[in-house]
Amino acid sequence: MSCFSSAVVPAAIVALGVLGAIAGGGTARAADAAAGKQVFQSQCAICHSDQAGQNKIGPSLFGVVGRHTGSEAGYDYSVANKNANLVWTPDVLEKYLDDPQKVVPGTKMPYAGLKNATKRANLIAFLATLK
């Protein structure tokens with residue numbers, strides 16, 4: 001005879017499934033900065049630099065994590081971005097990179113968004129290394 005009652009075993013299985021779902025999803029997953037650099041090069045580098053003070057069509061993304069919106073010296077931001085009053089935290093970047101116009105309506109960034117969550121997480125991990 002088992003030491004578990006029939007009611008305890010299903011509850012334990014459900015609990016393990018919930019814990020597995022939490023551990024495997026969202027921000028709990030480890031991101032890959034090296035893979036994020038590849039995403040940057042293929043998706044962002046045409047308009048943004050990863051070097052300090054080198055603005056292109058878009059502002060330099062060096063030091064972007066932790067920076068306030070509209071604050072990169074020498075870049076001419078949209079009024080919407082200047083007035084967004086956001087800090088580019090990983091959570092804000094996650095939402096913005098998915099849908100820039102939703103997070104900062106009126107931004108002049110002509111990008112539909114990076115819809116792949118893994119690529120977004122990897123890109124944010126790479127951006128966090130730019131210090």
# chains A, B, ... in the order shown; residues from 1 in each chain; ligands from 1
call {"tool": "residues_around", "arguments": {"residues": "A:Lys131", "least_positions_apart": "6", "cutoff": "9 Å", "atoms": "only C-alpha atoms", "output": "VMD selection string"}}
result
chain A and resid 52 62 to 65
call {"tool": "write_last_selection", "arguments": {"atoms": "C-alpha atoms", "output": "mmCIF file, in the first residue's frame"}}
result
data_model
loop_
_atom_site.group_PDB
_atom_site.id
_atom_site.type_symbol
_atom_site.label_atom_id
_atom_site.label_comp_id
_atom_site.auth_asym_id
_atom_site.auth_seq_id
_atom_site.Cartn_x
_atom_site.Cartn_y
_atom_site.Cartn_z
ATOM 1 C CA ALA A 52 28.420 55.366 -26.622
ATOM 2 C CA PHE A 62 24.685 52.123 -25.231
ATOM 3 C CA GLY A 63 23.562 52.491 -21.624
ATOM 4 C CA VAL A 64 19.884 52.333 -22.554
ATOM 5 C CA VAL A 65 18.953 49.998 -19.680
#
call {"tool": "atom_distance", "arguments": {"atom1": "atom CA of A:Gly58", "atom2": "atom CA of A:Ala45"}}
result
9.4 Å
call {"tool": "residues_around", "arguments": {"residues": "stretch 96-102 of chain A", "least_positions_apart": "2", "cutoff": "9 Å", "atoms": "only C-alpha atoms", "output": "PyMOL selection string"}}
result
chain A and resi 91-94+104-117+120
call {"tool": "residues_around", "arguments": {"residues": "stretch 122-124 of chain A", "least_positions_apart": "4", "cutoff": "9 Å", "atoms": "only C-alpha atoms", "output": "ChimeraX atom specification"}}
result
/A:30-40,65,90,93-94,117-118,128-129
call {"tool": "residues_around", "arguments": {"residues": "A:Gln54", "least_positions_apart": "6", "cutoff": "12 Å", "atoms": "only C-alpha atoms", "output": "JSON list (two decimals) with C-alpha atoms, in the first residue's frame"}}
result
[["chain", "number", "residue", "atom", "x", "y", "z"],
["A", 45, "ALA", "CA", 21.89, 48.03, -35.94],
["A", 47, "CYS", "CA", 19.13, 52.42, -37.04],
["A", 48, "HIS", "CA", 20.89, 52.20, -33.66],
["A", 60, "SER", "CA", 22.62, 55.09, -29.37],
["A", 61, "LEU", "CA", 21.48, 52.14, -27.26],
["A", 62, "PHE", "CA", 24.69, 52.12, -25.23],
["A", 63, "GLY", "CA", 23.56, 52.49, -21.62],
["A", 72, "GLU", "CA", 20.34, 60.47, -25.08],
["A", 73, "ALA", "CA", 22.48, 63.56, -25.73],
["A", 74, "GLY", "CA", 22.53, 64.77, -29.32],
["A", 75, "TYR", "CA", 19.48, 62.84, -30.51]]
